[in-house]
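Enquirer: Pasting work_31.txt below, which is compact mmCIF, C-alpha atoms.
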```
# COMPACT_ATOMS: atom_id res chain seq x y z
CA GLN S 13 9.10 8.30 13.06
CA ASP S 14 11.78 10.93 12.51
CA LEU S 15 9.44 13.69 11.34
CA ALA S 16 7.49 16.12 13.46
CA PRO S 17 3.82 15.13 13.80
CA GLU S 18 2.74 18.16 11.78
CA ASP S 19 4.84 16.92 8.83
CA TYR S 20 2.89 13.72 8.21
CA GLU S 21 -0.62 12.38 8.67
CA ILE S 22 -1.92 8.90 9.44
CA LEU S 23 -5.34 8.14 7.97
CA CYS S 24 -6.95 5.06 9.52
CA VAL S 25 -9.89 3.70 7.54
CA ASN S 26 -12.20 1.71 9.78
CA ASP S 27 -13.94 -0.42 7.17
CA GLY S 28 -16.85 -1.63 9.28
CA SER S 29 -14.78 -3.50 11.87
CA LYS S 30 -16.67 -5.31 14.63
CA ASP S 31 -13.79 -6.20 16.96
CA GLY S 32 -13.31 -2.92 18.84
CA SER S 33 -10.81 -1.48 16.39
CA GLY S 34 -12.88 1.68 16.01
CA ALA S 35 -12.61 2.49 19.72
CA ILE S 36 -8.86 1.86 19.70
CA LEU S 37 -8.42 4.13 16.68
CA THR S 38 -10.43 6.85 18.41
CA GLN S 39 -8.05 6.68 21.38
CA PHE S 40 -5.05 7.14 19.08
CA ALA S 41 -6.73 10.06 17.28
CA GLU S 42 -7.40 11.76 20.61
CA ALA S 43 -3.79 11.28 21.69
CA TYR S 44 -2.05 12.20 18.42
CA PRO S 45 -3.11 15.26 16.38
CA ASN S 46 -1.81 13.82 13.09
CA VAL S 47 -4.04 10.72 13.31
CA ARG S 48 -7.45 10.83 11.63
CA VAL S 49 -10.06 8.08 11.62
CA LEU S 50 -12.41 7.52 8.70
CA THR S 51 -15.31 5.17 9.46
CA GLN S 52 -17.48 3.47 6.85
CA GLU S 53 -19.61 0.37 6.46
CA ASN S 54 -17.64 -2.67 5.39
CA GLN S 55 -16.94 -2.38 1.66
CA GLY S 56 -13.54 -4.05 1.27
CA VAL S 57 -9.96 -3.01 0.66
CA VAL S 58 -10.57 -1.17 -2.63
CA SER S 59 -13.17 1.14 -1.09
CA ALA S 60 -11.04 1.66 2.02
CA ARG S 61 -8.00 2.71 -0.01
CA ASN S 62 -10.08 5.08 -2.12
CA ALA S 63 -11.53 6.65 1.03
CA GLY S 64 -8.05 7.26 2.41
CA LEU S 65 -6.84 8.60 -0.93
CA LYS S 66 -9.76 11.03 -1.17
CA ALA S 67 -9.23 12.35 2.36
CA ALA S 68 -5.43 12.66 2.18
CA CYS S 69 -3.78 16.07 2.41
CA GLY S 70 -0.11 15.05 2.25
CA GLU S 71 2.32 15.51 -0.61
CA PHE S 72 2.78 11.75 -0.96
CA ILE S 73 0.59 8.69 -0.41
CA TRP S 74 1.69 5.42 1.22
CA PHE S 75 -0.86 2.60 1.47
CA VAL S 76 -0.23 0.47 4.59
CA ASP S 77 -2.23 -2.63 5.52
CA ALA S 78 -3.44 -2.82 9.11
CA ASP S 79 -1.52 -5.95 10.13
CA ASP S 80 1.84 -5.00 8.60
CA LEU S 81 4.81 -2.98 9.88
CA VAL S 82 6.84 -0.08 8.55
CA ARG S 83 10.45 0.56 9.46
CA PRO S 84 10.88 3.04 12.31
CA ASN S 85 12.34 6.43 11.37
CA CYS S 86 12.02 5.92 7.61
CA LEU S 87 9.76 8.84 6.70
CA GLY S 88 12.54 11.40 6.85
CA PHE S 89 14.63 9.26 4.51
CA LEU S 90 11.73 8.91 2.07
CA ARG S 91 10.96 12.63 2.13
CA ASP S 92 14.57 13.57 1.44
CA LEU S 93 14.84 10.97 -1.32
CA ALA S 94 11.71 12.25 -3.04
CA ARG S 95 12.74 15.90 -2.78
CA ASN S 96 16.38 15.48 -3.79
CA ALA S 97 15.39 13.54 -6.91
CA PRO S 98 12.05 15.15 -7.81
CA CYS S 99 9.77 12.28 -8.70
CA ASP S 100 6.21 11.00 -8.75
CA ARG S 101 6.97 7.53 -7.43
CA VAL S 102 9.47 6.15 -4.91
CA ILE S 103 10.00 2.37 -4.94
CA PHE S 104 11.59 0.71 -1.91
CA GLY S 105 12.27 -2.77 -0.56
CA GLY S 106 9.78 -5.08 1.14
CA TYR S 107 10.25 -8.04 3.49
CA GLN S 108 7.63 -10.77 3.92
CA PHE S 109 7.39 -12.68 7.21
CA THR S 110 5.00 -15.17 8.81
CA ASP S 111 2.98 -14.18 11.89
CA PHE S 112 5.80 -12.54 13.89
CA LEU S 113 9.39 -11.49 13.29
CA THR S 114 11.73 -14.11 14.74
CA PRO S 115 14.54 -13.03 17.10
CA ARG S 116 16.95 -13.36 14.18
CA GLU S 117 14.73 -11.21 11.97
CA GLN S 118 14.35 -8.65 14.74
CA ALA S 119 18.14 -8.42 15.07
CA LEU S 120 18.55 -7.94 11.33
CA GLU S 121 15.77 -5.35 11.32
CA ALA S 122 17.45 -3.39 14.11
CA GLU S 123 20.65 -3.32 12.04
CA GLY S 124 18.79 -2.40 8.84
CA LYS S 125 19.95 -5.64 7.21
CA LEU S 126 16.72 -7.45 6.38
CA PRO S 127 16.97 -8.57 2.74
CA VAL S 128 14.43 -7.73 0.08
CA ASN S 129 12.38 -10.91 -0.39
CA VAL S 130 9.35 -9.38 -2.13
CA PRO S 131 10.61 -8.80 -5.69
CA TRP S 132 7.33 -7.83 -7.35
CA GLN S 133 7.41 -4.02 -7.02
CA ASP S 134 4.67 -3.56 -9.62
CA ALA S 135 2.25 -5.98 -7.99
CA VAL S 136 2.09 -4.67 -4.40
CA VAL S 137 1.12 -1.09 -3.76
CA TRP S 138 2.81 -0.95 -0.35
CA ARG S 139 6.30 -0.94 -1.91
CA ASN S 140 5.52 2.48 -3.40
CA LEU S 141 5.31 6.08 -2.28
CA LEU S 142 3.17 8.02 -4.77
CA ARG S 143 2.89 11.77 -5.29
CA ARG S 144 -0.70 12.77 -4.60
CA SER S 145 -0.79 15.56 -7.20
CA PHE S 146 0.32 13.07 -9.88
CA LEU S 147 -2.50 10.67 -8.97
CA GLU S 148 -5.01 13.51 -9.02
CA GLU S 149 -3.76 14.90 -12.34
CA LYS S 150 -4.02 11.47 -13.98
CA SER S 151 -7.31 10.61 -12.22
CA LEU S 152 -5.73 7.48 -10.75
CA TYR S 153 -7.51 5.51 -8.05
CA PHE S 154 -8.69 1.94 -7.43
CA ARG S 155 -11.41 1.64 -10.08
CA TYR S 156 -12.78 -1.85 -9.55
CA PRO S 157 -14.37 -2.46 -6.11
CA GLU S 158 -15.45 -5.97 -7.13
CA LEU S 159 -11.85 -7.21 -7.15
CA THR S 160 -10.65 -9.20 -4.13
CA HIS S 161 -7.20 -10.03 -5.55
CA GLY S 162 -4.93 -8.37 -8.07
CA GLU S 163 -6.18 -4.84 -7.48
CA ASP S 164 -2.68 -3.67 -6.52
CA GLY S 165 -1.12 -4.81 -9.78
CA LEU S 166 -3.91 -3.32 -11.89
CA PHE S 167 -3.65 0.03 -10.11
CA LEU S 168 0.14 0.13 -10.45
CA TYR S 169 -0.13 -0.85 -14.11
CA GLU S 170 -2.34 2.18 -14.68
CA VAL S 171 0.15 4.30 -12.73
CA SER S 172 3.03 2.99 -14.88
CA ILE S 173 1.42 3.72 -18.24
CA CYS S 174 1.00 7.34 -17.13
CA ALA S 175 4.82 7.53 -17.10
CA PRO S 176 5.63 8.72 -13.57
CA VAL S 177 9.15 9.93 -12.80
CA CYS S 178 10.55 7.18 -10.54
CA VAL S 179 13.38 6.78 -8.07
CA GLN S 180 14.27 3.49 -6.36
CA THR S 181 16.11 2.34 -3.25
CA ASP S 182 16.91 -1.19 -2.07
CA ARG S 183 16.33 -0.33 1.59
CA VAL S 184 13.66 -2.49 3.21
CA LEU S 185 11.09 -0.12 4.65
CA TYR S 186 7.96 -2.29 4.70
CA TYR S 187 7.35 -5.61 6.49
CA TYR S 188 4.46 -7.63 5.05
CA ARG S 189 2.84 -10.09 7.46
CA VAL S 190 1.44 -13.45 6.30
CA HIS S 191 -0.93 -15.07 8.80
CA THR S 192 -0.74 -18.85 9.13
CA GLY S 193 -4.03 -20.48 8.20
CA SER S 194 -5.87 -17.23 7.53
CA ALA S 195 -8.81 -17.08 5.14
CA GLU S 196 -6.73 -14.90 2.83
CA THR S 197 -3.80 -17.31 2.51
CA GLY S 198 -5.71 -20.57 2.90
CA LEU S 199 -6.19 -23.02 0.08
CA SER S 200 -9.90 -23.67 0.59
CA PRO S 201 -12.01 -24.15 -2.56
CA GLU S 202 -13.83 -20.91 -1.75
CA ASN S 203 -10.63 -18.91 -1.52
CA ARG S 204 -9.19 -20.48 -4.66
CA THR S 205 -12.39 -19.68 -6.56
CA ARG S 206 -12.41 -16.09 -5.32
CA ARG S 207 -8.78 -15.61 -6.35
CA LEU S 208 -9.36 -17.19 -9.76
CA ASN S 209 -12.45 -15.11 -10.48
CA SER S 210 -10.68 -11.92 -9.49
CA HIS S 211 -7.63 -12.66 -11.65
CA ILE S 212 -9.88 -13.51 -14.60
CA ALA S 213 -11.60 -10.15 -14.10
CA VAL S 214 -8.22 -8.37 -14.12
CA THR S 215 -7.30 -10.11 -17.39
CA GLU S 216 -10.60 -9.10 -18.97
CA ILE S 217 -10.11 -5.49 -17.85
CA LEU S 218 -6.62 -5.36 -19.35
CA ALA S 219 -7.84 -6.96 -22.57
CA GLY S 220 -10.70 -4.50 -22.88
CA ASP S 221 -10.85 -0.74 -23.26
CA GLY S 222 -9.75 0.19 -19.75
CA TYR S 223 -6.94 2.39 -21.08
CA ASP S 224 -9.46 4.90 -22.34
CA MET S 225 -10.63 5.46 -18.78
CA ILE S 226 -7.35 7.09 -17.79
CA GLY S 227 -6.77 9.10 -20.91
CA VAL S 228 -4.15 6.90 -22.58
CA ASP S 229 -4.20 6.40 -26.32
CA ASN S 230 -5.37 2.83 -26.90
CA SER S 231 -4.93 2.84 -30.68
```
Would you kindly transcribe this structure into structure tokens?
Expert:
Amino acid sequence: QDLAPEDYEILCVNDGSKDGSGAILTQFAEAYPNVRVLTQENQGVVSARNAGLKAACGEFIWFVDADDLVRPNCLGFLRDLARNAPCDRVIFGGYQFTDFLTPREQALEAEGKLPVNVPWQDAVVWRNLLRRSFLEEKSLYFRYPELTHGEDGLFLYEVSICAPVCVQTDRVLYYYRVHTGSAETGLSPENRTRRLNSHIAVTEILAGDGYDMIGVDNS
């Protein structure tokens, strides 16, 4: 990245991994002073994100999934954008790919010409840079650990109704990886049921009195 290591931190939440990831993360933390490792028993993505959010010290928060990619040398651009147009939320472009970037995609990425193919900016948290003080002031975090799907959209909905000052760029800065045949993307009955139950839960939350939890008038 194009910032000095002391200007940004990388918080790696080891959510009970059993594949040696913890040891690899420890090696990175020993080699790079701006890398910190948080280790917890496996509790899922909601708990992991909350752990990172609680431990963060930076001015802005960017949630990054472990198997995805971020554009090299983009942090300086994001910092300047956020400071030149004082805001609480920066929205940027995302590109979804399967397994690995093809040679054509790699060439376009090197030229900064990958197109935005993830249009739903309010449904995926990784297309957003969020001011930490704004989240703290509004008591915003991932409130529902039981959710396995849809937690991004619910969190960003709560962010939106707190009226953050936003700035947006079409530059693609995040590359979202889809794994062929993974449990997450598969169409097994179990996965379909889990998705359905989670989305029903999100609907029930939005239809209930959840607004009161973040201090918004629900009258």
Enquirer: Using only C-alpha atoms, which protein or nucleic acid residues come within 12 Å of stretch 161-168 of chain S? Drop anything in the same chain fewer than 4 positions from it, and give the result as a VMD selection string.
Expert: chain S and resid 56 to 59 61 to 62 75 101 103 132 to 142 147 151 to 157 172 to 176 196 to 197 203 to 219 222 to 223 226
Enquirer: I'd like the neighbourhood of S:Gln55 as number ranges by chain, where a residue qualifies if any of its atoms comes within 10 Å (using only C-alpha atoms), though same-chain residues fewer than 6 positions away should be ignored.
Expert: S: 27-28, 157-158
Enquirer: Give me the residues near S:Thr110 as a ChimeraX atom specification, where near means some atom within 10 Å (using all atoms listed in the file) and where sequence neighbours in that chain fewer than 2 positions away do not count.
Expert: /S:108,112-114,188-192
Enquirer: Convert the current residue selection to file output with C-alpha atoms, as a compact mmCIF listing (two decimals), keeping the file's coordinate frame.
Expert:
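Writing done, so here's again.txt:
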```txt
# COMPACT_ATOMS: atom_id res chain seq x y z
CA GLN S 108 7.63 -10.77 3.92
CA PHE S 112 5.80 -12.54 13.89
CA LEU S 113 9.39 -11.49 13.29
CA THR S 114 11.73 -14.11 14.74
CA TYR S 188 4.46 -7.63 5.05
CA ARG S 189 2.84 -10.09 7.46
CA VAL S 190 1.44 -13.45 6.30
CA HIS S 191 -0.93 -15.07 8.80
CA THR S 192 -0.74 -18.85 9.13
```
Enquirer: So, with all atoms listed in the file as the atoms that count, which of S:Ala35, S:Cys99, S:Cys178, S:Ile73 lies closest to S:Leu87?
Expert: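 Selected residue with least distance to S:Leu87: S:Ile73.
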Enquirer: Using only C-alpha atoms for the distances, tell me which of S:Leu120, S:Leu15, S:Leu23, S:Leu185 is nearest to S:Cys69.
Expert: S:Leu23
Enquirer: Please report the interatomic distance between atom CA of S:Phe72 and atom CA of S:Arg143 in Å with one decimal.
Expert: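 Atom-to-atom, atom CA of S:Phe72 to atom CA of S:Arg143, that is 4.3 Å.
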Enquirer: Skipping near chain neighbours, those fewer than 6 positions away, what residues fall within 8 Å of S:Gly64 using all atoms listed in the file, listed as JSON, numbers by chain?
Expert: {"S": [23, 24, 25, 50]}
Enquirer: Could you tell me how far atom CA of S:Phe104 sits from atom CA of S:Leu126, in Å to one decimal place?
Expert: 12.7 Å
Enquirer: Could you check which of S:Asp31, S:Asp14, S:Glu148, S:Glu123 is closest to S:Pro84, using all atoms listed in the file?
Expert: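 Checking each candidate against S:Pro84, we get S:Asp14 as the closest.
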